[in-house]
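Next up, start-v5.cif (mmCIF, C-alpha atoms and all ligand atoms):
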```
data_protein
loop_
_atom_site.label_atom_id
_atom_site.label_comp_id
_atom_site.auth_asym_id
_atom_site.auth_seq_id
_atom_site.Cartn_x
_atom_site.Cartn_y
_atom_site.Cartn_z
CA MET Z 1 -7.32 -11.51 -24.64
CA GLU Z 2 -4.60 -10.36 -22.23
CA LYS Z 3 -4.76 -6.82 -23.64
CA LYS Z 4 -8.53 -6.67 -23.04
CA LEU Z 5 -8.08 -7.88 -19.48
CA ILE Z 6 -5.24 -5.42 -18.75
CA LEU Z 7 -7.35 -2.54 -20.08
CA ARG Z 8 -10.20 -3.51 -17.78
CA GLY Z 9 -7.76 -3.80 -14.89
CA LEU Z 10 -6.58 -0.22 -15.50
CA LEU Z 11 -10.19 0.93 -15.62
CA ALA Z 12 -11.18 -0.85 -12.41
CA GLY Z 13 -8.01 0.40 -10.69
CA GLY Z 14 -8.55 4.00 -11.79
CA LEU Z 15 -12.13 3.91 -10.52
CA GLY Z 16 -11.00 2.34 -7.24
CA GLY Z 17 -8.32 5.01 -6.85
CA LEU Z 18 -10.89 7.73 -7.50
CA LEU Z 19 -13.26 6.37 -4.84
CA ALA Z 20 -10.35 5.93 -2.39
CA PHE Z 21 -9.39 9.56 -3.10
CA LEU Z 22 -12.90 10.82 -2.34
CA PHE Z 23 -12.79 8.82 0.89
CA ALA Z 24 -9.36 10.27 1.69
CA ARG Z 25 -10.47 13.83 0.90
CA VAL Z 26 -13.36 13.56 3.38
CA PHE Z 27 -11.82 11.48 6.16
CA ALA Z 28 -8.02 11.60 5.95
CA GLU Z 29 -7.33 15.25 5.11
CA PRO Z 30 -8.64 16.62 8.46
CA GLN Z 31 -6.35 14.14 10.26
CA ILE Z 32 -3.39 15.08 8.06
CA GLN Z 33 -4.05 18.76 8.75
CA ALA Z 34 -4.23 18.06 12.50
CA ALA Z 35 -0.89 16.26 12.28
CA ILE Z 36 0.72 19.17 10.38
CA ASP Z 37 -0.68 21.65 12.94
CA TYR Z 38 0.82 19.52 15.70
CA GLU Z 39 4.15 19.54 13.87
CA SER Z 40 4.26 23.33 13.45
CA GLY Z 41 3.23 23.87 17.06
CA ARG Z 42 5.98 21.55 18.14
CA GLU Z 43 8.55 23.34 15.98
CA GLU Z 44 7.61 26.64 17.61
CA ALA Z 45 7.92 25.13 21.09
CA GLN Z 46 11.29 23.67 20.13
CA GLU Z 47 12.48 27.05 18.81
CA ALA Z 48 11.44 28.74 22.05
CA LEU Z 49 13.43 26.13 23.98
CA ASP Z 50 16.45 26.59 21.70
CA GLN Z 51 16.30 30.37 22.01
CA ALA Z 52 16.12 30.12 25.80
CA ALA Z 53 19.18 27.88 25.71
CA GLY Z 54 20.99 30.33 23.41
CA VAL Z 55 21.07 27.93 20.45
CA GLN Z 56 20.95 29.42 16.93
CA VAL Z 57 17.46 28.92 15.45
CA GLU Z 58 17.34 27.78 11.83
CA GLY Z 59 15.00 29.48 9.37
CA HIS Z 60 11.84 27.72 8.16
CA GLU Z 61 12.10 25.61 5.03
CA HIS Z 62 9.87 26.96 2.30
CA GLU Z 63 7.01 24.88 0.89
CA VAL Z 64 7.26 23.54 -2.66
CA PHE Z 65 3.48 23.24 -3.04
CA SER Z 66 0.76 24.86 -0.95
CA ARG Z 67 -1.21 22.71 1.49
CA ALA Z 68 -4.34 23.32 -0.57
CA LEU Z 69 -2.66 21.87 -3.66
CA GLN Z 70 -1.22 18.89 -1.77
CA GLY Z 71 -4.48 18.17 0.03
CA ASN Z 72 -6.75 18.31 -3.02
CA LEU Z 73 -4.99 17.80 -6.35
CA GLY Z 74 -1.81 16.09 -5.12
CA ILE Z 75 -3.52 13.43 -3.04
CA GLY Z 76 -6.05 12.90 -5.85
CA VAL Z 77 -3.39 12.31 -8.52
CA GLY Z 78 -1.41 10.11 -6.12
CA MET Z 79 -4.37 7.92 -5.19
CA VAL Z 80 -5.65 7.52 -8.75
CA LEU Z 81 -2.17 6.67 -10.10
CA PHE Z 82 -1.69 4.17 -7.30
CA GLY Z 83 -5.11 2.67 -8.09
CA ILE Z 84 -4.25 2.32 -11.78
CA ALA Z 85 -0.93 0.67 -10.93
CA MET Z 86 -2.67 -1.77 -8.58
CA GLY Z 87 -5.34 -2.45 -11.22
CA ALA Z 88 -2.58 -3.26 -13.72
CA LEU Z 89 -0.81 -5.67 -11.36
CA PHE Z 90 -4.18 -7.17 -10.48
CA ALA Z 91 -5.00 -7.79 -14.16
CA VAL Z 92 -1.65 -9.52 -14.75
CA VAL Z 93 -2.10 -11.84 -11.76
CA TYR Z 94 -5.70 -12.48 -12.80
CA THR Z 95 -4.69 -13.35 -16.36
CA VAL Z 96 -1.99 -15.76 -15.19
CA SER Z 97 -4.32 -17.29 -12.58
CA LEU Z 98 -7.13 -18.00 -15.07
CA GLY Z 99 -7.74 -21.72 -15.11
CA ARG Z 100 -4.67 -22.43 -13.01
CA VAL Z 101 -6.10 -22.13 -9.51
CA GLY Z 102 -8.88 -24.68 -9.59
CA GLN Z 103 -12.57 -24.46 -10.40
CA VAL Z 104 -13.36 -20.83 -9.72
CA ARG Z 105 -15.83 -18.59 -11.52
CA ALA Z 106 -14.40 -15.53 -13.29
CA ARG Z 107 -16.18 -13.19 -10.86
CA VAL Z 108 -15.08 -15.09 -7.75
CA LEU Z 109 -11.51 -15.23 -9.01
CA ALA Z 110 -11.55 -11.42 -9.33
CA LEU Z 111 -12.53 -11.10 -5.66
CA LEU Z 112 -9.88 -13.64 -4.60
CA VAL Z 113 -7.08 -11.88 -6.51
CA ALA Z 114 -8.20 -8.48 -5.17
CA GLY Z 115 -8.20 -9.92 -1.65
CA GLY Z 116 -4.70 -11.25 -2.21
CA GLY Z 117 -3.52 -7.85 -3.43
CA PHE Z 118 -5.00 -6.07 -0.41
CA LEU Z 119 -3.47 -8.61 1.96
CA SER Z 120 0.04 -8.84 0.51
CA LEU Z 121 0.61 -5.35 -0.91
CA TYR Z 122 -0.88 -3.44 1.99
CA LEU Z 123 -2.37 -5.12 5.06
CA VAL Z 124 0.45 -7.47 6.10
CA PRO Z 125 3.17 -4.81 5.63
CA PHE Z 126 0.88 -2.41 7.56
CA LEU Z 127 0.72 -4.84 10.51
CA LYS Z 128 4.47 -4.49 10.98
CA TYR Z 129 5.00 -0.92 9.77
CA PRO Z 130 1.64 0.91 9.95
CA ALA Z 131 0.85 4.07 7.99
CA ASN Z 132 1.85 7.31 9.73
CA PRO Z 133 0.58 10.87 9.25
CA PRO Z 134 3.03 13.76 8.80
CA ALA Z 135 4.98 14.72 11.97
CA ILE Z 136 5.66 11.05 12.71
CA GLY Z 137 8.92 9.68 11.39
CA ASN Z 138 12.58 10.55 11.84
CA GLY Z 139 14.05 12.06 8.66
CA ASP Z 140 17.38 10.39 9.40
CA THR Z 141 15.87 6.89 9.07
CA ILE Z 142 13.87 7.32 5.84
CA GLY Z 143 16.27 5.06 3.91
CA THR Z 144 16.06 2.20 6.39
CA ARG Z 145 12.30 2.61 6.84
CA SER Z 146 11.66 2.52 3.08
CA ALA Z 147 13.83 -0.59 2.70
CA LEU Z 148 12.12 -2.37 5.60
CA TYR Z 149 8.66 -1.52 4.27
CA LEU Z 150 9.47 -2.75 0.75
CA VAL Z 151 10.96 -5.95 2.20
CA MET Z 152 7.63 -6.55 3.98
CA VAL Z 153 5.71 -5.92 0.74
CA ALA Z 154 7.90 -8.15 -1.44
CA ALA Z 155 8.04 -10.93 1.18
CA SER Z 156 4.25 -10.87 1.65
CA VAL Z 157 3.77 -11.32 -2.11
CA ILE Z 158 6.22 -14.25 -2.17
CA PHE Z 159 4.62 -15.83 0.91
CA LEU Z 160 1.18 -15.59 -0.68
CA VAL Z 161 2.42 -17.29 -3.85
CA VAL Z 162 4.01 -20.04 -1.71
CA ALA Z 163 0.74 -20.44 0.22
CA VAL Z 164 -1.30 -20.75 -2.99
CA VAL Z 165 1.13 -23.33 -4.44
CA VAL Z 166 1.02 -25.33 -1.18
CA GLY Z 167 -2.78 -25.17 -1.18
CA ARG Z 168 -3.00 -26.29 -4.82
CA THR Z 169 -0.56 -29.15 -4.23
CA LEU Z 170 -2.50 -30.46 -1.23
CA SER Z 171 -6.00 -29.96 -2.65
CA GLN Z 172 -6.09 -33.43 -4.28
CA ARG Z 173 -5.22 -35.15 -1.01
CA LEU Z 174 -6.98 -32.94 1.56
CA GLY Z 175 -9.84 -31.47 -0.43
CA ALA Z 176 -10.18 -27.80 -1.37
CA TRP Z 177 -11.38 -26.64 2.08
CA ASN Z 178 -8.62 -28.18 4.17
CA ALA Z 179 -5.93 -27.39 1.61
CA THR Z 180 -7.00 -23.73 1.69
CA LEU Z 181 -6.77 -23.73 5.48
CA VAL Z 182 -3.25 -25.20 5.33
CA GLY Z 183 -2.27 -22.59 2.75
CA GLY Z 184 -3.59 -19.82 5.00
CA LEU Z 185 -1.67 -21.23 7.94
CA VAL Z 186 1.56 -21.36 5.91
CA PHE Z 187 1.08 -17.70 4.93
CA ALA Z 188 0.38 -16.57 8.51
CA LEU Z 189 3.39 -18.51 9.84
CA LEU Z 190 5.84 -17.17 7.25
CA ALA Z 191 4.60 -13.59 7.65
CA GLY Z 192 4.67 -13.91 11.45
CA ILE Z 193 8.24 -15.21 11.48
CA LEU Z 194 9.44 -12.36 9.25
CA MET Z 195 7.67 -9.76 11.40
CA ALA Z 196 9.33 -11.19 14.50
CA LEU Z 197 12.76 -11.00 12.81
CA LEU Z 198 12.53 -7.45 11.40
CA PRO Z 199 13.26 -4.58 13.84
CA SER Z 200 10.69 -2.15 15.22
CA LEU Z 201 11.31 1.36 13.92
CA GLY Z 202 12.06 2.66 17.42
CA HIS Z 203 14.81 0.05 17.77
CA LEU Z 204 16.83 1.32 14.78
CA SER Z 205 20.27 2.35 16.09
CA VAL Z 206 19.83 5.97 14.88
CA ASN Z 207 16.61 6.27 16.90
CA VAL Z 208 18.00 4.56 20.00
CA ALA Z 209 20.93 7.01 19.94
CA GLN Z 210 18.59 10.01 19.63
CA PHE Z 211 15.60 9.03 21.78
CA GLY Z 212 16.55 5.95 23.79
CA GLU Z 213 14.73 2.61 23.62
CA GLN Z 214 11.24 3.29 22.16
CA ALA Z 215 8.90 1.05 20.18
CA THR Z 216 8.11 3.53 17.39
CA GLU Z 217 9.03 6.95 16.00
CA THR Z 218 5.83 8.57 17.27
CA PRO Z 219 6.89 11.89 18.90
CA LEU Z 220 7.05 11.86 22.71
CA PRO Z 221 6.23 14.94 24.80
CA LEU Z 222 8.75 17.76 24.47
CA ARG Z 223 10.44 18.62 27.77
CA ASN Z 224 12.51 21.58 28.91
CA THR Z 225 15.78 21.23 30.81
CA GLN Z 226 13.88 20.87 34.12
CA GLY Z 227 12.01 17.89 32.67
CA ASP Z 228 8.63 19.66 32.52
CA ILE Z 229 6.44 18.90 29.51
CA VAL Z 230 6.26 22.03 27.34
CA TYR Z 231 4.52 20.40 24.34
CA PRO Z 232 2.45 17.17 24.35
CA GLY Z 233 3.28 13.92 22.56
CA PHE Z 234 1.54 13.18 19.26
CA PRO Z 235 -2.28 13.07 19.76
CA ALA Z 236 -3.34 9.40 20.00
CA ASP Z 237 -6.78 9.93 18.48
CA THR Z 238 -5.36 11.57 15.35
CA LEU Z 239 -2.97 8.66 14.89
CA ALA Z 240 -5.65 6.01 15.49
CA ASN Z 241 -8.11 7.67 13.10
CA PHE Z 242 -5.50 8.19 10.40
CA ARG Z 243 -4.52 4.52 10.48
CA LEU Z 244 -8.11 3.28 10.51
CA TYR Z 245 -8.96 5.47 7.52
CA SER Z 246 -5.81 4.33 5.73
CA VAL Z 247 -6.97 0.70 6.03
CA LEU Z 248 -10.51 1.58 4.97
CA ALA Z 249 -9.27 3.47 1.89
CA GLN Z 250 -7.40 0.37 0.76
CA VAL Z 251 -10.52 -1.74 1.37
CA VAL Z 252 -12.44 0.69 -0.87
CA LEU Z 253 -9.72 0.49 -3.55
CA TRP Z 254 -9.37 -3.30 -3.67
CA ALA Z 255 -13.09 -3.99 -3.27
CA THR Z 256 -13.79 -1.70 -6.24
CA ILE Z 257 -11.11 -3.44 -8.32
CA GLY Z 258 -12.53 -6.89 -7.54
CA LEU Z 259 -16.20 -5.99 -7.94
CA VAL Z 260 -15.80 -3.92 -11.13
CA PHE Z 261 -13.29 -6.18 -12.87
CA GLY Z 262 -15.20 -9.44 -12.24
CA PRO Z 263 -18.27 -8.79 -14.43
CA LEU Z 264 -16.11 -7.10 -17.10
CA ALA Z 265 -13.82 -10.12 -17.25
CA GLU Z 266 -16.77 -12.48 -17.40
CA ARG Z 267 -17.97 -10.70 -20.52
CA VAL Z 268 -14.50 -10.84 -22.11
CA LEU Z 269 -14.28 -14.55 -21.34
CA GLY Z 270 -17.77 -15.09 -22.80
CA GLY Z 271 -18.84 -17.25 -19.88
CA GLY Z 272 -16.17 -19.72 -20.94
CA LYS Z 273 -18.48 -21.41 -23.49
CA ARG Z 274 -16.42 -20.55 -26.54
CA ALA Z 275 -13.08 -20.79 -24.85
CA GLU Z 276 -11.01 -23.85 -25.35
CA VAL Z 277 -9.22 -25.37 -22.42
CA LEU Z 278 -5.55 -25.50 -23.29
CA ALA Z 279 -3.73 -27.03 -20.39
CA GLU Z 280 -3.86 -27.37 -16.64
CA VAL Z 281 -0.58 -26.38 -15.10
CA MET B 1 -20.52 -30.25 -2.19
CA ALA B 2 -22.14 -29.58 -5.54
CA THR B 3 -19.77 -29.54 -8.44
CA ILE B 4 -19.58 -26.33 -10.40
CA PRO B 5 -20.53 -26.76 -14.06
CA ALA B 6 -17.46 -26.41 -16.21
CA ASP B 7 -18.82 -23.47 -18.20
CA ARG B 8 -19.34 -21.46 -15.02
CA SER B 9 -15.79 -21.81 -13.78
CA THR B 10 -12.74 -20.16 -15.33
CA PRO B 11 -11.55 -22.67 -17.89
CA VAL B 12 -9.56 -20.30 -20.09
CA VAL B 13 -5.87 -20.93 -19.66
CA LEU B 14 -3.92 -18.28 -21.50
CA PRO B 15 -0.61 -19.54 -22.78
CA VAL B 16 1.63 -17.21 -20.79
CA SER B 17 4.41 -17.50 -23.36
CA LYS B 18 2.24 -15.69 -25.94
CA ALA B 19 1.05 -13.01 -23.52
CA VAL B 20 4.39 -12.52 -21.83
CA LEU B 21 5.28 -9.30 -23.71
CA TRP B 22 2.14 -7.41 -22.69
CA LEU B 23 2.13 -8.85 -19.19
CA GLY B 24 5.79 -7.89 -18.75
CA ILE B 25 5.31 -4.32 -19.99
CA THR B 26 2.29 -3.90 -17.72
CA VAL B 27 4.16 -5.13 -14.64
CA PHE B 28 7.13 -2.88 -15.41
CA VAL B 29 5.04 0.28 -15.87
CA ALA B 30 2.90 -0.52 -12.81
CA LEU B 31 5.99 -0.98 -10.63
CA ALA B 32 7.42 2.30 -11.96
CA VAL B 33 4.22 4.16 -11.01
CA TYR B 34 4.23 2.42 -7.60
CA TYR B 35 7.81 3.60 -7.11
CA PHE B 36 7.16 7.22 -8.10
CA VAL B 37 4.01 7.52 -5.98
CA GLY B 38 5.46 5.71 -2.99
CA VAL B 39 9.23 5.91 -2.80
CA ASP B 40 11.00 8.36 -5.16
CA GLN B 41 12.69 11.48 -3.74
CA GLY B 42 12.57 10.01 -0.26
CA ALA B 43 15.02 7.21 0.29
CA THR B 44 16.22 7.17 -3.32
CA SER B 45 15.77 9.67 -6.12
CA VAL B 46 15.72 9.39 -9.89
CA PHE B 47 15.84 13.16 -10.50
CA GLY B 48 18.61 14.02 -8.02
CA SER B 49 17.77 16.23 -5.07
CA ASP B 50 14.53 17.58 -6.57
CA THR B 51 11.46 17.09 -4.33
CA HIS B 52 8.55 18.04 -6.61
CA VAL B 53 7.22 14.51 -7.13
CA HIS B 54 7.51 13.76 -3.42
CA GLU B 55 5.83 16.99 -2.33
CA PHE B 56 3.04 16.75 -4.89
CA VAL B 57 1.85 13.24 -3.97
CA HIS B 58 2.94 13.76 -0.35
CA ASP B 59 -0.44 13.23 1.35
CA ALA B 60 -1.22 10.17 -0.77
CA ARG B 61 2.16 8.68 0.10
CA HIS B 62 1.43 8.94 3.83
CA PHE B 63 -2.13 7.71 3.46
CA LEU B 64 -1.22 4.72 1.26
CA GLY B 65 1.11 3.47 4.01
CA PHE B 66 4.50 4.38 2.57
CA PRO B 67 7.22 5.69 4.90
CA CYS B 68 7.75 9.43 4.38
CA HIS B 69 9.83 12.18 6.03
ZN ZN U 301 5.68 13.31 4.70
#
```

As a first step, turn the structure in this file into structure tokens.
Ligand SMILES: [Zn+2]
Amino acid sequence: MEKKLILRGLLAGGLGGLLAFLFARVFAEPQIQAAIDYESGREEAQEALDQAAGVQVEGHEHEVFSRALQGNLGIGVGMVLFGIAMGALFAVVYTVSLGRVGQVRARVLALLVAGGGFLSLYLVPFLKYPANPPAIGNGDTIGTRSALYLVMVAASVIFLVVAVVVGRTLSQRLGAWNATLVGGLVFALLAGILMALLPSLGHLSVNVAQFGEQATETPLPLRNTQGDIVYPGFPADTLANFRLYSVLAQVVLWATIGLVFGPLAERVLGGGKRAEVLAEV
Amino acid sequence: MATIPADRSTPVVLPVSKAVLWLGITVFVALAVYYFVGVDQGATSVFGSDTHVHEFVHDARHFLGFPCH
């Protein structure tokens, strides 16, 4: 039974990743290219400034893969693999949740678990540390940024489990509706407290030393020694579009997982008629 | 509120102890893929200073919300 469910999870995840890739290819790649163009323009402006100041200019780093390969095959493989991994985790949570989270139909449970995955593995971490296109991000802070992001992901998963347990515990006393509301409140409170405690990326000591007190690592305008702007800050529209599309791609991924897996699982479970109820935990 | 007939809900409770091997393997492999797509050769690296994995899935890493660069 669990092997059948896991296989269907991989299938749903792979399909979700494929659809998210197609979405990314159409909507995200132009924004990523705009960000890379901004970055190269900025590097040129910086080199001109350095040359004027008599500073030695470093040579360009060579590319490992061409942009065409990264923007077509690379992003495709990355998105599909990510989708399959999420489908696998989804199937495990679904299998464990079966019959243990109250009276829920197989199909509805698939949508609930997919919603939980979207919320805890992506959306809540995104609220604190949103997705950034290339050109945004200080290379010197990649270690700290990765750690902070993974802390948000892991904590969101734990908070969601806590919220579900709280909701289940209270459902006898408060009824399913009110218990669910309390569970949601517990999740929002825990996530909110953690977000308030973790630092903004601009407030990391490395960034404060290099750029002063800023909220984020989004590049500010480049100025010459007289203080005139010689190259603009990162384009706001590119950033806004990239982030919106990033959220939408994850909606596509998780919605596909939930909607495809549900009916498949229902068939595996045979509508529950033949299945024997073992134990309520 | 109408009660849902038992055969329409999800009554199957898999004994996790029996399924634990497959569930465990699945979680492990999924987390490994998550790590290689999202994190490896950035903050930490399994294959030393090589950057091929990072550069290949680079756009996906940005777009999936992982910190990069
Ligand atoms: Zn990058």

As a PDB file with C-alpha atoms, in the coordinates of the input, could you give me every residue of chain B near chain Z (at most 9 Å apart, counting all atoms listed in the file)?
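The resulting file, result-v3.pdb, is shown below:
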```
ATOM      1  CA  ILE B   4     -19.580 -26.330 -10.400  1.00  0.00           C
ATOM      2  CA  ALA B   6     -17.460 -26.410 -16.210  1.00  0.00           C
ATOM      3  CA  ASP B   7     -18.820 -23.470 -18.200  1.00  0.00           C
ATOM      4  CA  ARG B   8     -19.340 -21.460 -15.020  1.00  0.00           C
ATOM      5  CA  SER B   9     -15.790 -21.810 -13.780  1.00  0.00           C
ATOM      6  CA  THR B  10     -12.740 -20.160 -15.330  1.00  0.00           C
ATOM      7  CA  PRO B  11     -11.550 -22.670 -17.890  1.00  0.00           C
ATOM      8  CA  VAL B  12      -9.560 -20.300 -20.090  1.00  0.00           C
ATOM      9  CA  VAL B  13      -5.870 -20.930 -19.660  1.00  0.00           C
ATOM     10  CA  LEU B  14      -3.920 -18.280 -21.500  1.00  0.00           C
ATOM     11  CA  PRO B  15      -0.610 -19.540 -22.780  1.00  0.00           C
ATOM     12  CA  VAL B  16       1.630 -17.210 -20.790  1.00  0.00           C
ATOM     13  CA  ALA B  19       1.050 -13.010 -23.520  1.00  0.00           C
ATOM     14  CA  TRP B  22       2.140  -7.410 -22.690  1.00  0.00           C
ATOM     15  CA  LEU B  23       2.130  -8.850 -19.190  1.00  0.00           C
ATOM     16  CA  GLY B  24       5.790  -7.890 -18.750  1.00  0.00           C
ATOM     17  CA  THR B  26       2.290  -3.900 -17.720  1.00  0.00           C
ATOM     18  CA  VAL B  27       4.160  -5.130 -14.640  1.00  0.00           C
ATOM     19  CA  VAL B  29       5.040   0.280 -15.870  1.00  0.00           C
ATOM     20  CA  ALA B  30       2.900  -0.520 -12.810  1.00  0.00           C
ATOM     21  CA  LEU B  31       5.990  -0.980 -10.630  1.00  0.00           C
ATOM     22  CA  ALA B  32       7.420   2.300 -11.960  1.00  0.00           C
ATOM     23  CA  VAL B  33       4.220   4.160 -11.010  1.00  0.00           C
ATOM     24  CA  TYR B  34       4.230   2.420  -7.600  1.00  0.00           C
ATOM     25  CA  VAL B  37       4.010   7.520  -5.980  1.00  0.00           C
ATOM     26  CA  GLY B  38       5.460   5.710  -2.990  1.00  0.00           C
ATOM     27  CA  VAL B  39       9.230   5.910  -2.800  1.00  0.00           C
ATOM     28  CA  GLY B  42      12.570  10.010  -0.260  1.00  0.00           C
ATOM     29  CA  ALA B  43      15.020   7.210   0.290  1.00  0.00           C
ATOM     30  CA  THR B  44      16.220   7.170  -3.320  1.00  0.00           C
ATOM     31  CA  THR B  51      11.460  17.090  -4.330  1.00  0.00           C
ATOM     32  CA  HIS B  52       8.550  18.040  -6.610  1.00  0.00           C
ATOM     33  CA  GLU B  55       5.830  16.990  -2.330  1.00  0.00           C
ATOM     34  CA  PHE B  56       3.040  16.750  -4.890  1.00  0.00           C
ATOM     35  CA  VAL B  57       1.850  13.240  -3.970  1.00  0.00           C
ATOM     36  CA  HIS B  58       2.940  13.760  -0.350  1.00  0.00           C
ATOM     37  CA  ASP B  59      -0.440  13.230   1.350  1.00  0.00           C
ATOM     38  CA  ALA B  60      -1.220  10.170  -0.770  1.00  0.00           C
ATOM     39  CA  ARG B  61       2.160   8.680   0.100  1.00  0.00           C
ATOM     40  CA  HIS B  62       1.430   8.940   3.830  1.00  0.00           C
ATOM     41  CA  PHE B  63      -2.130   7.710   3.460  1.00  0.00           C
ATOM     42  CA  LEU B  64      -1.220   4.720   1.260  1.00  0.00           C
ATOM     43  CA  GLY B  65       1.110   3.470   4.010  1.00  0.00           C
ATOM     44  CA  PHE B  66       4.500   4.380   2.570  1.00  0.00           C
ATOM     45  CA  PRO B  67       7.220   5.690   4.900  1.00  0.00           C
ATOM     46  CA  CYS B  68       7.750   9.430   4.380  1.00  0.00           C
ATOM     47  CA  HIS B  69       9.830  12.180   6.030  1.00  0.00           C
TER      48      HIS B  69
END
```

Practice problem: Using CA of Gly13 (chain Z) and CA of Pro263 (chain Z) as the two end points, give the distance in Å to one decimal. | Solution: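 Between CA of Gly13 (chain Z) and CA of Pro263 (chain Z) the gap works out to 14.3 Å.
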
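Note that the spacing between CA of Leu190 (chain Z) and CA of Val113 (chain Z) amounts to 19.6 Å.
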
Self-check item: Which residue of B:Val53, B:Ile25, B:Val46, B:Val20 approaches ligand ZN 301 (chain U) most closely, using all atoms listed in the file
Solution: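 Ranked by minimum distance to ligand ZN 301 (chain U), first place goes to B:Val53.
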
Quiz item: Pick from Z:Leu7, Z:Leu19, Z:Leu204, Z:Ala34: nearest to Leu248 (chain Z), with only C-alpha atoms counted?
Solution: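 For Leu248 (chain Z), the nearest of the candidates is Z:Leu19.
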
Quiz prompt | Pick from Z:Ala35, Z:Val162, Z:Leu121, Z:Leu189, whichever lies nearest to ligand ZN 301 (chain U) using all atoms listed in the file | solution = Z:Ala35

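For the set Z:Leu15, Z:Val165, Z:Ile36, Z:Ile229, the residue with the smallest atom-to-atom gap to ligand ZN 301 (chain U) is Z:Ile36, counting all atoms listed in the file.
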
Quiz prompt | For ligand ZN 301 (chain U), the nearest of the candidates B:Gln41, B:Lys18, B:Ser49, B:Phe36, counting only C-alpha atoms and all ligand atoms | solution =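 Closest residue, counting only C-alpha atoms and all ligand atoms: B:Gln41.
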
Quiz item: Can you tell me how far CA of Val157 (chain Z) sits from CA of Thr180 (chain Z), in Å to one decimal?
Solution: 16.9 Å

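Those DNA, RNA and protein residues that approach the point (-11.4, -1.9, -2.3) to within 9 Å, considering only C-alpha atoms, are Gly16, Gly17, Leu19, Ala20, Ala114, Gly115, Phe118, Leu248, Ala249, Gln250, Val251, Val252, Leu253, Trp254, Ala255, Thr256, Ile257, Gly258 and Leu259 of chain Z.
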